[in-house]
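Reading through the structure tokens given below for one structure.
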Amino acid sequence: MKIPNTLSEFTQKYYYKTELIKLCRQYKLPTSGTKAELNSCITKYLKGVPSSKIKLIRNNRNRHPLQYSEISLDTKLINSGFCFNNAARQWFANYFGVEKFSFSKKMAIIKRKAEAEHDTEITVGDLIHQMESWNQDKTALSAEERTYQWNNFIRDFFKDQTTTQYRQRLKVASILWKKVRVSKKDKVYHHDLLKKYDNKIQEYKIN
């Protein structure tokens with residue numbers, strides 16, 4: 001695996017978590033945490049922050065979880081004891097005026113991003129605002145969201161009915177993904193990939 005020397009080189013490629021861990025070891029950075037946290041550490045390092053000053057801080061885990069009566073719009077997301085538990089679920093249900101409330105992937109991503117960036121100022125109110133504005137700002141994807149690129153690629157590949165002409169469709173998708181993964185273009189599936197890499201996947205066509 002080529003070790004990126006600049007932030008530009010790093011952001012142009014998709015990395016699996018195991019590869020991020022190897023990069024962190026190479027740069028003498030923390031190797032535990034989510035993909036978003038590892039991405040954040042590497043990004044800081046390539047921006048010039050010394051590795052000795054890059055730490056993962058999760059004091060929230062050592063605090064007693066907040067109860068329903070302790071949660072408000074001004075509650076800090078991290079280092080306060082706030083977590084996605086039944087008390088928080090009931091609080092959000094009452095806030096939105098619904099009988100049942102389910103935590104979404106978006107909420108988890110926003111919270112993990114705050115943890116990775118050590119954003120001690122973000123509040124529950126900010127979380128709600130970001131949730132509501134998410135669809136209006138699709139370009140503001142967090143590092144955590146980018147970790148779902150492979151899953152999204154597979155999903156869109158199988159949605160394309162044209163791909164039914166291939167046997168071992170997952171294998172074909174994997175071949176195309178490897179090409180897209182190392183390219184400088186968006187890490188998404190589109191129909192033209194079937195034509196572009198036809199010589200690589202032709203053997204899997206159903207006669």
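Ordering of the structure tokens sets the chain letters (A, B, ...); residue numbers start at 1 within each chain; ligands are numbered from 1 in the order shown.
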**Study point:** Residue contacts of stretch 48-52 of chain A (8 Å, only C-alpha atoms) excluding same-chain residues fewer than 4 positions away, as a PyMOL selection string
**Key:** chain A and resi 27-29+44
Same residues, N, CA and C atoms, saved as an mmCIF file, in the first residue's frame:
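That gives us selection-v4.cif:
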```cif
data_model
loop_
_atom_site.group_PDB
_atom_site.id
_atom_site.type_symbol
_atom_site.label_atom_id
_atom_site.label_comp_id
_atom_site.auth_asym_id
_atom_site.auth_seq_id
_atom_site.Cartn_x
_atom_site.Cartn_y
_atom_site.Cartn_z
ATOM 1 N N TYR A 27 2.315 6.577 10.898
ATOM 2 C CA TYR A 27 2.447 7.967 11.320
ATOM 3 C C TYR A 27 2.568 8.125 12.834
ATOM 4 N N LYS A 28 2.534 6.970 13.560
ATOM 5 C CA LYS A 28 2.581 6.987 15.031
ATOM 6 C C LYS A 28 1.377 7.719 15.619
ATOM 7 N N LEU A 29 0.195 7.361 15.107
ATOM 8 C CA LEU A 29 -1.062 7.943 15.560
ATOM 9 C C LEU A 29 -1.881 6.877 16.294
ATOM 10 N N LYS A 44 -5.515 15.394 10.343
ATOM 11 C CA LYS A 44 -4.810 16.377 11.165
ATOM 12 C C LYS A 44 -3.303 16.262 10.968
#
```
**Study point:** For A:Thr11: contacts at 12 Å, only C-alpha atoms, fewer than 2 positions along chain excluded, given as a ChimeraX atom specification
**Key:** /A:4-9,13-15,39-40,42-43,46,143,146,181-187
Writing out the chosen residues with N, CA, C and O atoms as a PDB file, in the first residue's frame:
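Written output follows (again.pdb):
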```pdb
ATOM      1  N   PRO A   4       0.420   7.817   1.630  1.00  0.00           N
ATOM      2  CA  PRO A   4       0.209   9.181   1.131  1.00  0.00           C
ATOM      3  C   PRO A   4       1.086  10.186   1.875  1.00  0.00           C
ATOM      4  O   PRO A   4       1.223  10.115   3.099  1.00  0.00           O
ATOM      5  N   ASN A   5       1.664  11.106   1.140  1.00  0.00           N
ATOM      6  CA  ASN A   5       2.522  12.123   1.734  1.00  0.00           C
ATOM      7  C   ASN A   5       1.824  13.466   1.885  1.00  0.00           C
ATOM      8  O   ASN A   5       2.323  14.360   2.583  1.00  0.00           O
ATOM      9  N   THR A   6       0.683  13.610   1.217  1.00  0.00           N
ATOM     10  CA  THR A   6      -0.063  14.867   1.291  1.00  0.00           C
ATOM     11  C   THR A   6      -1.536  14.572   1.554  1.00  0.00           C
ATOM     12  O   THR A   6      -2.017  13.456   1.323  1.00  0.00           O
ATOM     13  N   LEU A   7      -2.251  15.579   2.027  1.00  0.00           N
ATOM     14  CA  LEU A   7      -3.678  15.429   2.300  1.00  0.00           C
ATOM     15  C   LEU A   7      -4.429  15.154   1.005  1.00  0.00           C
ATOM     16  O   LEU A   7      -5.384  14.373   0.982  1.00  0.00           O
ATOM     17  N   SER A   8      -3.988  15.760  -0.071  1.00  0.00           N
ATOM     18  CA  SER A   8      -4.635  15.551  -1.366  1.00  0.00           C
ATOM     19  C   SER A   8      -4.545  14.087  -1.791  1.00  0.00           C
ATOM     20  O   SER A   8      -5.530  13.496  -2.255  1.00  0.00           O
ATOM     21  N   GLU A   9      -3.393  13.498  -1.623  1.00  0.00           N
ATOM     22  CA  GLU A   9      -3.210  12.085  -1.979  1.00  0.00           C
ATOM     23  C   GLU A   9      -4.106  11.196  -1.117  1.00  0.00           C
ATOM     24  O   GLU A   9      -4.678  10.219  -1.594  1.00  0.00           O
ATOM     25  N   LYS A  13      -8.242   8.725  -2.375  1.00  0.00           N
ATOM     26  CA  LYS A  13      -8.384   7.272  -2.360  1.00  0.00           C
ATOM     27  C   LYS A  13      -9.288   6.816  -1.228  1.00  0.00           C
ATOM     28  O   LYS A  13      -9.343   7.437  -0.178  1.00  0.00           O
ATOM     29  N   TYR A  14     -10.012   5.723  -1.461  1.00  0.00           N
ATOM     30  CA  TYR A  14     -10.841   5.121  -0.424  1.00  0.00           C
ATOM     31  C   TYR A  14      -9.987   4.114   0.341  1.00  0.00           C
ATOM     32  O   TYR A  14      -9.282   3.319  -0.261  1.00  0.00           O
ATOM     33  N   TYR A  15     -10.057   4.164   1.675  1.00  0.00           N
ATOM     34  CA  TYR A  15      -9.287   3.247   2.505  1.00  0.00           C
ATOM     35  C   TYR A  15     -10.211   2.407   3.384  1.00  0.00           C
ATOM     36  O   TYR A  15     -11.174   2.925   3.952  1.00  0.00           O
ATOM     37  N   ASN A  39      -9.706   8.533  10.292  1.00  0.00           N
ATOM     38  CA  ASN A  39      -9.605   9.492   9.191  1.00  0.00           C
ATOM     39  C   ASN A  39      -9.256  10.877   9.723  1.00  0.00           C
ATOM     40  O   ASN A  39      -8.431  11.597   9.146  1.00  0.00           O
ATOM     41  N   SER A  40      -9.901  11.253  10.823  1.00  0.00           N
ATOM     42  CA  SER A  40      -9.666  12.569  11.412  1.00  0.00           C
ATOM     43  C   SER A  40      -8.215  12.708  11.882  1.00  0.00           C
ATOM     44  O   SER A  40      -7.581  13.739  11.663  1.00  0.00           O
ATOM     45  N   ILE A  42      -5.543  11.092  10.800  1.00  0.00           N
ATOM     46  CA  ILE A  42      -4.641  11.158   9.642  1.00  0.00           C
ATOM     47  C   ILE A  42      -4.731  12.517   8.966  1.00  0.00           C
ATOM     48  O   ILE A  42      -3.720  13.097   8.548  1.00  0.00           O
ATOM     49  N   THR A  43      -5.961  13.030   8.860  1.00  0.00           N
ATOM     50  CA  THR A  43      -6.160  14.342   8.236  1.00  0.00           C
ATOM     51  C   THR A  43      -5.412  15.428   9.012  1.00  0.00           C
ATOM     52  O   THR A  43      -4.742  16.286   8.421  1.00  0.00           O
ATOM     53  N   LEU A  46      -1.639  15.095   8.369  1.00  0.00           N
ATOM     54  CA  LEU A  46      -1.228  15.562   7.040  1.00  0.00           C
ATOM     55  C   LEU A  46      -1.416  17.070   6.873  1.00  0.00           C
ATOM     56  O   LEU A  46      -0.904  17.659   5.928  1.00  0.00           O
ATOM     57  N   ALA A 143     -16.778  12.144   7.458  1.00  0.00           N
ATOM     58  CA  ALA A 143     -15.900  11.003   7.193  1.00  0.00           C
ATOM     59  C   ALA A 143     -16.634   9.701   7.460  1.00  0.00           C
ATOM     60  O   ALA A 143     -16.434   8.706   6.761  1.00  0.00           O
ATOM     61  N   ARG A 146     -18.718   8.574   4.528  1.00  0.00           N
ATOM     62  CA  ARG A 146     -17.951   8.040   3.404  1.00  0.00           C
ATOM     63  C   ARG A 146     -17.577   6.575   3.608  1.00  0.00           C
ATOM     64  O   ARG A 146     -17.228   5.878   2.662  1.00  0.00           O
ATOM     65  N   ARG A 181     -12.330   2.567  -6.876  1.00  0.00           N
ATOM     66  CA  ARG A 181     -11.698   2.894  -5.596  1.00  0.00           C
ATOM     67  C   ARG A 181     -10.381   3.635  -5.768  1.00  0.00           C
ATOM     68  O   ARG A 181     -10.064   4.554  -5.000  1.00  0.00           O
ATOM     69  N   VAL A 182      -9.593   3.270  -6.766  1.00  0.00           N
ATOM     70  CA  VAL A 182      -8.275   3.880  -6.949  1.00  0.00           C
ATOM     71  C   VAL A 182      -8.315   5.059  -7.925  1.00  0.00           C
ATOM     72  O   VAL A 182      -7.283   5.684  -8.180  1.00  0.00           O
ATOM     73  N   SER A 183      -9.492   5.344  -8.471  1.00  0.00           N
ATOM     74  CA  SER A 183      -9.603   6.470  -9.399  1.00  0.00           C
ATOM     75  C   SER A 183      -9.769   7.770  -8.617  1.00  0.00           C
ATOM     76  O   SER A 183      -9.984   7.759  -7.404  1.00  0.00           O
ATOM     77  N   LYS A 184      -9.676   8.878  -9.324  1.00  0.00           N
ATOM     78  CA  LYS A 184      -9.837  10.179  -8.688  1.00  0.00           C
ATOM     79  C   LYS A 184     -11.273  10.669  -8.770  1.00  0.00           C
ATOM     80  O   LYS A 184     -11.595  11.768  -8.305  1.00  0.00           O
ATOM     81  N   LYS A 185     -12.160   9.852  -9.345  1.00  0.00           N
ATOM     82  CA  LYS A 185     -13.561  10.220  -9.490  1.00  0.00           C
ATOM     83  C   LYS A 185     -14.355   9.803  -8.261  1.00  0.00           C
ATOM     84  O   LYS A 185     -13.855   9.100  -7.383  1.00  0.00           O
ATOM     85  N   ASP A 186     -15.626  10.229  -8.196  1.00  0.00           N
ATOM     86  CA  ASP A 186     -16.477   9.879  -7.066  1.00  0.00           C
ATOM     87  C   ASP A 186     -16.598   8.365  -6.947  1.00  0.00           C
ATOM     88  O   ASP A 186     -16.692   7.653  -7.949  1.00  0.00           O
ATOM     89  N   LYS A 187     -16.603   7.891  -5.704  1.00  0.00           N
ATOM     90  CA  LYS A 187     -16.648   6.446  -5.445  1.00  0.00           C
ATOM     91  C   LYS A 187     -18.088   5.948  -5.472  1.00  0.00           C
ATOM     92  O   LYS A 187     -18.657   5.515  -4.461  1.00  0.00           O
TER      93      LYS A 187
END
```
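Picture a line from atom CA of A:Ile128 to atom CA of A:Phe82; it runs 14.2 Å.
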Tell me which protein, DNA and RNA residues are within 9 Å of A:Ile201, counting only C-alpha atoms, leaving out same-chain ones fewer than 2 positions away, and put them as a CSV table (one decimal) with all heavy atoms, in the first residue's frame.
```csv
chain,number,residue,atom,x,y,z
A,166,TYR,N,-24.9,-10.8,-15.9
A,166,TYR,CA,-23.7,-11.4,-15.4
A,166,TYR,C,-24.0,-12.5,-14.3
A,166,TYR,O,-24.9,-12.3,-13.5
A,166,TYR,CB,-22.8,-10.3,-14.7
A,166,TYR,CG,-22.4,-9.2,-15.7
A,166,TYR,CD1,-23.1,-8.0,-15.8
A,166,TYR,CD2,-21.3,-9.4,-16.6
A,166,TYR,CE1,-22.8,-7.1,-16.7
A,166,TYR,CE2,-20.9,-8.4,-17.5
A,166,TYR,CZ,-21.7,-7.3,-17.5
A,166,TYR,OH,-21.3,-6.3,-18.4
A,172,VAL,N,-18.4,-9.4,-10.0
A,172,VAL,CA,-18.4,-8.4,-11.0
A,172,VAL,C,-18.3,-7.0,-10.3
A,172,VAL,O,-17.5,-6.1,-10.7
A,172,VAL,CB,-19.5,-8.5,-11.9
A,172,VAL,CG1,-19.6,-7.3,-12.9
A,172,VAL,CG2,-19.5,-9.8,-12.7
A,175,ILE,N,-15.0,-6.3,-8.9
A,175,ILE,CA,-14.0,-5.9,-9.9
A,175,ILE,C,-14.1,-4.4,-10.3
A,175,ILE,O,-13.1,-3.7,-10.4
A,175,ILE,CB,-14.1,-6.8,-11.1
A,175,ILE,CG1,-13.7,-8.2,-10.8
A,175,ILE,CG2,-13.3,-6.2,-12.3
A,175,ILE,CD1,-14.0,-9.2,-11.9
A,176,LEU,N,-15.4,-4.0,-10.5
A,176,LEU,CA,-15.6,-2.6,-10.8
A,176,LEU,C,-15.2,-1.6,-9.6
A,176,LEU,O,-14.7,-0.6,-9.9
A,176,LEU,CB,-17.1,-2.4,-11.2
A,176,LEU,CG,-17.6,-3.2,-12.4
A,176,LEU,CD1,-19.1,-2.9,-12.6
A,176,LEU,CD2,-16.8,-2.7,-13.6
A,194,LEU,N,-19.9,-0.5,-16.7
A,194,LEU,CA,-20.1,-1.8,-17.4
A,194,LEU,C,-19.4,-1.8,-18.8
A,194,LEU,O,-18.8,-2.8,-19.2
A,194,LEU,CB,-21.5,-2.2,-17.5
A,194,LEU,CG,-22.3,-2.4,-16.2
A,194,LEU,CD1,-23.8,-2.7,-16.5
A,194,LEU,CD2,-21.7,-3.4,-15.3
A,197,TYR,N,-15.3,-1.0,-18.4
A,197,TYR,CA,-14.4,-2.1,-18.0
A,197,TYR,C,-15.0,-3.5,-18.5
A,197,TYR,O,-14.8,-4.5,-17.9
A,197,TYR,CB,-14.3,-2.2,-16.5
A,197,TYR,CG,-13.7,-0.9,-15.9
A,197,TYR,CD1,-14.4,0.0,-15.2
A,197,TYR,CD2,-12.3,-0.7,-16.1
A,197,TYR,CE1,-13.8,1.2,-14.7
A,197,TYR,CE2,-11.7,0.5,-15.6
A,197,TYR,CZ,-12.5,1.4,-14.9
A,197,TYR,OH,-11.9,2.5,-14.4
A,198,ASP,N,-15.6,-3.4,-19.7
A,198,ASP,CA,-16.2,-4.6,-20.3
A,198,ASP,C,-15.1,-5.7,-20.4
A,198,ASP,O,-15.4,-6.9,-20.2
A,198,ASP,CB,-16.8,-4.3,-21.6
A,198,ASP,CG,-17.4,-5.5,-22.3
A,198,ASP,OD1,-18.4,-6.1,-21.7
A,198,ASP,OD2,-16.9,-6.0,-23.3
A,199,ASN,N,-13.9,-5.4,-20.8
A,199,ASN,CA,-12.9,-6.4,-21.0
A,199,ASN,C,-12.5,-7.1,-19.7
A,199,ASN,O,-11.9,-8.2,-19.7
A,199,ASN,CB,-11.6,-5.7,-21.6
A,199,ASN,CG,-11.0,-4.7,-20.7
A,199,ASN,OD1,-11.7,-3.9,-20.1
A,199,ASN,ND2,-9.7,-4.6,-20.7
A,203,GLU,N,-16.0,-12.1,-19.1
A,203,GLU,CA,-16.0,-13.5,-18.9
A,203,GLU,C,-17.2,-14.0,-18.0
A,203,GLU,O,-17.5,-15.1,-17.9
A,203,GLU,CB,-14.7,-14.0,-18.3
A,203,GLU,CG,-14.4,-13.4,-16.9
A,203,GLU,CD,-13.1,-13.9,-16.4
A,203,GLU,OE1,-13.0,-15.1,-15.9
A,203,GLU,OE2,-12.1,-13.1,-16.4
A,204,TYR,N,-17.8,-13.0,-17.3
A,204,TYR,CA,-18.9,-13.3,-16.3
A,204,TYR,C,-20.2,-13.2,-17.0
A,204,TYR,O,-21.3,-13.4,-16.3
A,204,TYR,CB,-18.8,-12.4,-15.1
A,204,TYR,CG,-17.5,-12.7,-14.3
A,204,TYR,CD1,-16.4,-11.9,-14.5
A,204,TYR,CD2,-17.4,-13.7,-13.4
A,204,TYR,CE1,-15.2,-12.1,-13.8
A,204,TYR,CE2,-16.3,-14.0,-12.7
A,204,TYR,CZ,-15.2,-13.1,-12.8
A,204,TYR,OH,-14.0,-13.4,-12.1
A,205,LYS,N,-20.3,-12.8,-18.3
A,205,LYS,CA,-21.6,-12.6,-18.9
A,205,LYS,C,-22.2,-14.0,-19.1
A,205,LYS,O,-21.6,-15.0,-19.5
A,205,LYS,CB,-21.4,-12.0,-20.3
A,205,LYS,CG,-21.2,-10.4,-20.2
A,205,LYS,CD,-21.2,-9.8,-21.6
A,205,LYS,CE,-21.1,-8.3,-21.5
A,205,LYS,NZ,-21.0,-7.7,-22.8
```
For stretch 2-88 of chain A versus stretch 103-123 of chain A, which residues have an atom no more than 7 Å away, and what is each residue's nearest atom pair and distance in Å rounded to one decimal, using only C-alpha atoms, chain-then-number order, as a Markdown table?
```
| residue | atom | partner | partner_atom | distance |
| --- | --- | --- | --- | --- |
| A:Ala36 | CA | A:Ala116 | CA | 6.8 |
| A:Glu37 | CA | A:Ala116 | CA | 4.7 |
| A:Ser40 | CA | A:Ala116 | CA | 6.3 |
| A:Arg58 | CA | A:Glu115 | CA | 6.9 |
| A:Leu73 | CA | A:Thr123 | CA | 6.6 |
| A:Asp74 | CA | A:Thr123 | CA | 5.5 |
| A:Thr75 | CA | A:Thr123 | CA | 5.3 |
| A:Lys76 | CA | A:Thr123 | CA | 4.2 |
| A:Leu77 | CA | A:Thr123 | CA | 5.2 |
| A:Ile78 | CA | A:Thr120 | CA | 6.1 |
```
